[in-house]
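Novice: Below are the structure tokens for one structure; questions will follow.
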Amino acid sequence: MGKKKTGSRGLRKSDLERTVIEFFQENPAVVFSLKNICKQLHLTSSGAKLLLTDVLEGLLMDDFIKEQPRFCYMLNMPSQVMTGVFHRKANGKNTFEPEDGGEPILVAERNSLHAMDGDTVQVTLFARRKHHVREAAVTEILKRSDKTFVGTLQVQKGYAYLLTEDRTLANDIFIPKENLKKGKTGDKAVVRIVEWPDRAKNPIGKVVDILGKTGENTAEMHAILAEYGLPYTYPAAVEKAAEKLVPGITEEEVARRLDMRDVLTFTIDPYDAKDYDDALSIREIKSSNGKSSNGKLYEVGVHIADVSHYVKEGSIIDKEAYKRATSVYLVDRTVPMLPERLCNLICSLRPDEDKLTYSVIFHMNEKAEVKYWKLAHTVTRSDRRFTYEEVQKVLEDRGEASPEDSLTPNPSPEGKGDDSKPLPLGGGLVEALITLNRMAKILRQKRFAAGAIDFDRCEVRFNIDKDGRPTGVYFKVAKDANKLIEEFMLLANRTVAESIGKVPKNQKPKVLPYRIHENPDPQKLLNLADFVKKFGHKLKTTGNRGEISRNLNRLLDDVKGKREQNVIEMITLKAMMKAKYSTYNCGHYGLAFDYYTHFTSPIRRYPDLMVHRLLTRYAEGGRGVSQLKYEEYCEHCSDMEQTAASAERASIKYKQVEFMSEHLGETFQGTISGVTEFGIYVEIDENKCEGMIPLRDLEGDYYDFDEKNYCLKGRRYHHCYNLGDSVKVQVSRADLYRKQLDFKLIYPA
């Protein structure tokens, strides 16, 4: 029981109240007399003692403490004991999530019992005080989480430390020599905490894996994956199971399917893709006399790799795929959901190879109207593997591309296309691409007319050398070739979702994982409207869903090419809800679809695999499935999608810092992309690399953070730094360890 040193002079009631609260919380089961409390808190003057009496009376009225016996006090501990999950926070305001649901409960660091993030714990609730949040204290750690920590080893003579940037840990992890796994100073390592004694300053850990030397590309990429709890190797047993799989395209299997190998079919993918999980086919439908019926009618097939044929539910491959839930795309590598033999060989729709597919087949006229459709297990054969750049060239050379496409060239390795094989223009391929492109444009136009939001933001990409170092930055912009594929995938996903979700009134639809996107928060839209006013733009936030969507599109169209474009697009995106998976359908706001799912990428997304299995089950007359069970699956997949996205952003940030480390001392023109209470973020215009100017480095005034107006305001001279302002910066520091760039503001800008 430690003694509090408060002193008596100039003591304020609020300070004493806070001290007394901490005192009782640190000694929850002890009864203290008034005299003992004064002694423990070093309250010697009569004024301080009177003030203490006043504080104690207030705490008694708030039911925070109880009196037993008279003039003796103790913490009023409720009888309620709860079990749940502990979440550690960098600011020390940890939370407890009850296992039976309910609001998170605050757990101060002093009451955490050294619990780690994700631990299952038992807590006791403190008596709730008026006007204060509910608090709890961890009384027992029931189960440690599997969380690991990534950092750099510092090895001494008989022990070592893991230096980690995980902000939830105030101290480095102590590692006894016997737990070091031959790690050396400077090694990037993965460590698991095995013990944290009550009075120890540092947790004690054990090395799980050595990733390599700090600074080595593979070690750093694996470190990012490990930091987010994502796998960076494939289990040998799963790889072995995949090796035993055979394509299985036998005469018996073909006989069970719709054979579409004689239909013109092709894939369109990035130049460096290996997992071709979707293909398009097209042929004109003739009438019985060999001529086209009224106007031209086409059969358009959207063919998806039939992963569910090979990956059986509950198998070792399926369990690993579910655990991963998604492929992860880092700057220089793909970490696949499925073993390479499946995703790049057996299931990949490679040219001139027979493949098992699951297809949505449409009969469409030249106005892109669907006259008929069906879902079928098929066998297909791709005639050609296109890159996006090859298709784009075909469209541009024949005047079929959108005018704006020619204004946005891609200065990237992707522009090289596939030089290993001459582009075959015969066999109706050119005509097929032109026809599908015209249909895709009509589908896109209809979608936006219905209220879809146009978020066509460019993506940052890197040119990488053989050692993984970035040699250049470029921007990937979606052109007509990309949009062609996108529209037909959207059409297939929507159609499949409608086939299950749209049922007659008073009939319950079967369970299906939907891709949902809820309507934006009205308050966020109002905040957005206030923000864009500063740039002279208007946003009307009233009306039905379609009207609001059209207003948003009008705003996004108005800002194109203007200095505030990037900032307004970013703030608009933040006003939107995050898309996720759920068996409870509420539609997709961003796409303006009432029903939408993910059917088209089972190689890289587990929800698509679930959808394939359920569609097959229902088509064969199978019984329904548990909605609660599939909702849990959806929540897991949504969580893993967000985790993967965070890892992908971290790899981009690392490469940006690595790239800019070659430009220390150089100056660049940039745009303020973020404003916080501790400084401003600036994005360099020419390469989109973002760095920070700390508040302490802003000269000439003392600046306050105006959260409502996204700016820093000078107290004396009233100069403002606003989101979207153009500034000139110098690269002053590139910290790869923290993935952080520091800039210096150049005066005048």
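Following the order of the structure tokens, chains are lettered A, B, ..., residues in each are numbered from 1, and ligands are numbered from 1.
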Got a sec: who's within 8 Å of Cys72 in chain A, counting only C-alpha atoms, leaving out chain neighbours fewer than 4 positions off, as a list in words?
Specialist: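 My list of contacting residues is Val31, Phe32, Ser33, Leu34, Glu67 and Gln68 of chain A.
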Novice: Identify, on the basis of only C-alpha atoms, every residue whose closest approach to Val559 in chain A does not exceed 12 Å; exclude the query and any residue fewer than 2 positions from it along the same chain; express the result as a PDB file with C-alpha atoms, in the first residue's frame.
Specialist:
```pdb
ATOM      1  CA  VAL A 532     -16.807  22.184 -48.539  1.00  0.00           C
ATOM      2  CA  PHE A 535     -13.773  26.060 -50.787  1.00  0.00           C
ATOM      3  CA  GLY A 536     -16.845  27.682 -52.326  1.00  0.00           C
ATOM      4  CA  HIS A 537     -18.769  24.450 -52.929  1.00  0.00           C
ATOM      5  CA  LYS A 538     -22.317  23.551 -51.899  1.00  0.00           C
ATOM      6  CA  LEU A 552     -22.403  13.960 -53.773  1.00  0.00           C
ATOM      7  CA  ASN A 553     -21.524  13.031 -57.360  1.00  0.00           C
ATOM      8  CA  ARG A 554     -22.046  16.632 -58.433  1.00  0.00           C
ATOM      9  CA  LEU A 555     -19.627  17.763 -55.721  1.00  0.00           C
ATOM     10  CA  LEU A 556     -17.007  15.155 -56.685  1.00  0.00           C
ATOM     11  CA  ASP A 557     -17.331  16.183 -60.326  1.00  0.00           C
ATOM     12  CA  GLY A 561      -8.743  19.133 -61.345  1.00  0.00           C
ATOM     13  CA  LYS A 562      -8.858  21.662 -58.503  1.00  0.00           C
ATOM     14  CA  ARG A 563      -6.339  21.985 -55.693  1.00  0.00           C
ATOM     15  CA  GLU A 564      -8.885  20.852 -53.118  1.00  0.00           C
ATOM     16  CA  GLN A 565      -9.861  17.695 -55.051  1.00  0.00           C
ATOM     17  CA  ASN A 566      -7.851  15.208 -53.024  1.00  0.00           C
ATOM     18  CA  VAL A 567      -8.868  16.635 -49.650  1.00  0.00           C
ATOM     19  CA  ILE A 568     -12.576  16.833 -50.452  1.00  0.00           C
ATOM     20  CA  GLU A 569     -12.560  13.306 -51.917  1.00  0.00           C
ATOM     21  CA  MET A 570     -10.844  12.075 -48.748  1.00  0.00           C
ATOM     22  CA  THR A 572     -16.262  12.628 -48.489  1.00  0.00           C
ATOM     23  CA  GLY A 724      -6.156  21.638 -48.794  1.00  0.00           C
TER      24      GLY A 724
END
```
Novice: Measuring atom to atom with only C-alpha atoms, identify which of A:Asn482, A:Lys510, A:Lys713, A:Ala575 is nearest to Leu525 in chain A.
Specialist: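 Closest residue, counting only C-alpha atoms: A:Ala575.
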Novice: Give me, as a ChimeraX atom specification, the residues of range 436-477 of chain A that a backbone DSSP run labels strand (DSSP E or B).
Specialist: /A:459-464,470-476
Novice: Which residues come within 10 Å of Gly590 in chain A, counting only C-alpha atoms, excluding same-chain residues fewer than 3 positions away, as JSON, numbers by chain?
Specialist: {"A": [448, 451, 452, 453, 454, 455, 516, 517, 518, 519, 520, 549, 576, 577, 578, 579, 587, 593]}
Novice: Restricting the calculation to only C-alpha atoms, which member of A:Ala450, A:Leu51, A:Val311, A:Ile680 is positioned closest to Ala592 in chain A?
Specialist: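 That would be A:Ala450, the residue with the smallest distance to Ala592 in chain A.
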Novice: Which residue out of A:Ile316, A:Leu512, A:Ile204, A:Leu180 has the minimum interatomic distance to Gln627 in chain A when only C-alpha atoms are used?
Specialist: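 Of all the options, A:Leu512 lies closest to Gln627 in chain A.
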Novice: Pull the alpha helix (DSSP H) assignments for range 452-664 of chain A out of DSSP run on the backbone, and list those residues as a ChimeraX atom specification.
Specialist: /A:480-501,522-533,545-558,565-575,606-619,627-660
Novice: Please identify all polymer residues within 6 Å of range 688-701 of chain A, counting only C-alpha atoms, omitting same-chain residues fewer than 4 positions from it, and present them as a ChimeraX atom specification.
Specialist: /A:656,678-684,714,741-744
Novice: Please report the interatomic distance between CA of Asp480 in chain A and CA of Tyr372 in chain A in Å with one decimal.
Specialist: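 Going from CA of Asp480 in chain A over to CA of Tyr372 in chain A covers 25.7 Å.
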Novice: Could you name the residues that touch Pro231 in chain A at 9 Å or less, counting only C-alpha atoms, but leaving out those on the same chain fewer than 2 positions away, as a list in words?
Specialist: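 Listing them by chain and then by number gives His222, Leu225, Ala226, Tyr228, Gly229, Thr233, Tyr234, Arg324 and Val335 of chain A.
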Novice: Write the residues of the selection above to a file with N, CA and C atoms, as a PDB file, in the first residue's frame.
Specialist:
```
ATOM      1  N   HIS A 222       7.468  -9.183 -43.982  1.00  0.00           N
ATOM      2  CA  HIS A 222       6.947 -10.198 -43.070  1.00  0.00           C
ATOM      3  C   HIS A 222       6.633  -9.591 -41.707  1.00  0.00           C
ATOM      4  N   LEU A 225       3.228  -8.026 -41.834  1.00  0.00           N
ATOM      5  CA  LEU A 225       2.187  -9.055 -41.741  1.00  0.00           C
ATOM      6  C   LEU A 225       2.051  -9.557 -40.306  1.00  0.00           C
ATOM      7  N   ALA A 226       3.182  -9.845 -39.666  1.00  0.00           N
ATOM      8  CA  ALA A 226       3.149 -10.349 -38.287  1.00  0.00           C
ATOM      9  C   ALA A 226       2.591  -9.313 -37.329  1.00  0.00           C
ATOM     10  N   TYR A 228       0.247  -7.299 -37.803  1.00  0.00           N
ATOM     11  CA  TYR A 228      -1.211  -7.305 -37.874  1.00  0.00           C
ATOM     12  C   TYR A 228      -1.801  -8.697 -37.645  1.00  0.00           C
ATOM     13  N   GLY A 229      -0.960  -9.619 -37.204  1.00  0.00           N
ATOM     14  CA  GLY A 229      -1.443 -10.966 -36.927  1.00  0.00           C
ATOM     15  C   GLY A 229      -1.779 -11.763 -38.161  1.00  0.00           C
ATOM     16  N   THR A 233       3.773 -17.227 -43.924  1.00  0.00           N
ATOM     17  CA  THR A 233       4.176 -18.497 -44.538  1.00  0.00           C
ATOM     18  C   THR A 233       2.924 -19.373 -44.636  1.00  0.00           C
ATOM     19  N   TYR A 234       3.009 -20.403 -45.484  1.00  0.00           N
ATOM     20  CA  TYR A 234       1.883 -21.320 -45.618  1.00  0.00           C
ATOM     21  C   TYR A 234       2.194 -22.611 -44.868  1.00  0.00           C
ATOM     22  N   ARG A 324      -7.659 -17.137 -42.956  1.00  0.00           N
ATOM     23  CA  ARG A 324      -7.088 -15.981 -43.652  1.00  0.00           C
ATOM     24  C   ARG A 324      -8.183 -15.053 -44.179  1.00  0.00           C
ATOM     25  N   VAL A 335       0.085 -12.275 -50.627  1.00  0.00           N
ATOM     26  CA  VAL A 335       0.012 -13.367 -49.660  1.00  0.00           C
ATOM     27  C   VAL A 335      -1.346 -14.029 -49.877  1.00  0.00           C
TER      28      VAL A 335
END
```
Novice: Quick one: everything within 12 Å of Glu103 in chain A, counting only C-alpha atoms, minus sequence neighbours fewer than 4 positions away in the same chain. Send it as a list in words.
Specialist: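 Returned residues: Gly84, Thr95, Phe96, Glu97, Pro98, Glu99, Val133, Arg134 and Glu135 of chain A.
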Novice: Convert the current residue selection to file output with C-alpha atoms, as a compact mmCIF listing (two decimals), in the first residue's frame.
Specialist:
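What follows is the written file selection_12.txt:
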```txt
# COMPACT_ATOMS: atom_id res chain seq x y z
CA GLY A 84 -15.01 -10.62 -21.17
CA THR A 95 -11.46 -1.04 -22.11
CA PHE A 96 -13.27 -4.20 -21.10
CA GLU A 97 -15.80 -5.75 -23.48
CA PRO A 98 -18.35 -7.92 -21.63
CA GLU A 99 -18.80 -11.38 -23.15
CA VAL A 133 -18.10 6.80 -17.03
CA ARG A 134 -18.34 3.33 -15.57
CA GLU A 135 -14.99 1.81 -14.55
```
Novice: Compile the contact shell of Arg398 in chain A as a PDB file with N, CA and C atoms, in the first residue's frame: residues with an atom at most 12 Å away, counting only C-alpha atoms, same-chain residues fewer than 6 positions apart removed.
Specialist:
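That gives us result_21.pdb:
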```
ATOM      1  N   VAL A 391      -6.017  -4.286 -73.674  1.00  0.00           N
ATOM      2  CA  VAL A 391      -7.419  -3.995 -74.000  1.00  0.00           C
ATOM      3  C   VAL A 391      -7.616  -2.498 -74.186  1.00  0.00           C
ATOM      4  N   GLN A 392      -6.988  -1.709 -73.332  1.00  0.00           N
ATOM      5  CA  GLN A 392      -7.114  -0.264 -73.443  1.00  0.00           C
ATOM      6  C   GLN A 392      -6.584   0.229 -74.789  1.00  0.00           C
ATOM      7  N   VAL A 430     -11.442  -8.459 -81.182  1.00  0.00           N
ATOM      8  CA  VAL A 430     -11.599  -7.001 -81.188  1.00  0.00           C
ATOM      9  C   VAL A 430     -13.074  -6.628 -81.133  1.00  0.00           C
ATOM     10  N   GLU A 431     -13.887  -7.294 -81.959  1.00  0.00           N
ATOM     11  CA  GLU A 431     -15.315  -7.016 -81.973  1.00  0.00           C
ATOM     12  C   GLU A 431     -15.946  -7.325 -80.610  1.00  0.00           C
ATOM     13  N   LEU A 433     -14.437  -7.209 -77.640  1.00  0.00           N
ATOM     14  CA  LEU A 433     -14.043  -6.178 -76.674  1.00  0.00           C
ATOM     15  C   LEU A 433     -14.847  -4.891 -76.879  1.00  0.00           C
ATOM     16  N   ILE A 434     -15.029  -4.516 -78.134  1.00  0.00           N
ATOM     17  CA  ILE A 434     -15.778  -3.283 -78.430  1.00  0.00           C
ATOM     18  C   ILE A 434     -17.235  -3.412 -77.986  1.00  0.00           C
ATOM     19  N   ASN A 437     -17.422  -3.389 -74.203  1.00  0.00           N
ATOM     20  CA  ASN A 437     -17.120  -2.047 -73.692  1.00  0.00           C
ATOM     21  C   ASN A 437     -18.320  -1.121 -73.839  1.00  0.00           C
TER      22      ASN A 437
END
```
Novice: Using only C-alpha atoms, which residue out of A:Ile285, A:Ala401, A:Ile603, A:Leu59 lies closest to Arg18 in chain A?
Specialist: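 Checking each of A:Ile285, A:Ala401, A:Ile603, A:Leu59 against Arg18 in chain A, counting only C-alpha atoms, the winner is A:Leu59.
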Novice: Measuring between only C-alpha atoms, which one of A:Tyr606, A:Phe668, A:Phe266, A:Phe475 shows the shortest distance to Pro513 in chain A?
Specialist: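 Ranked by minimum distance to Pro513 in chain A, first place goes to A:Tyr606.
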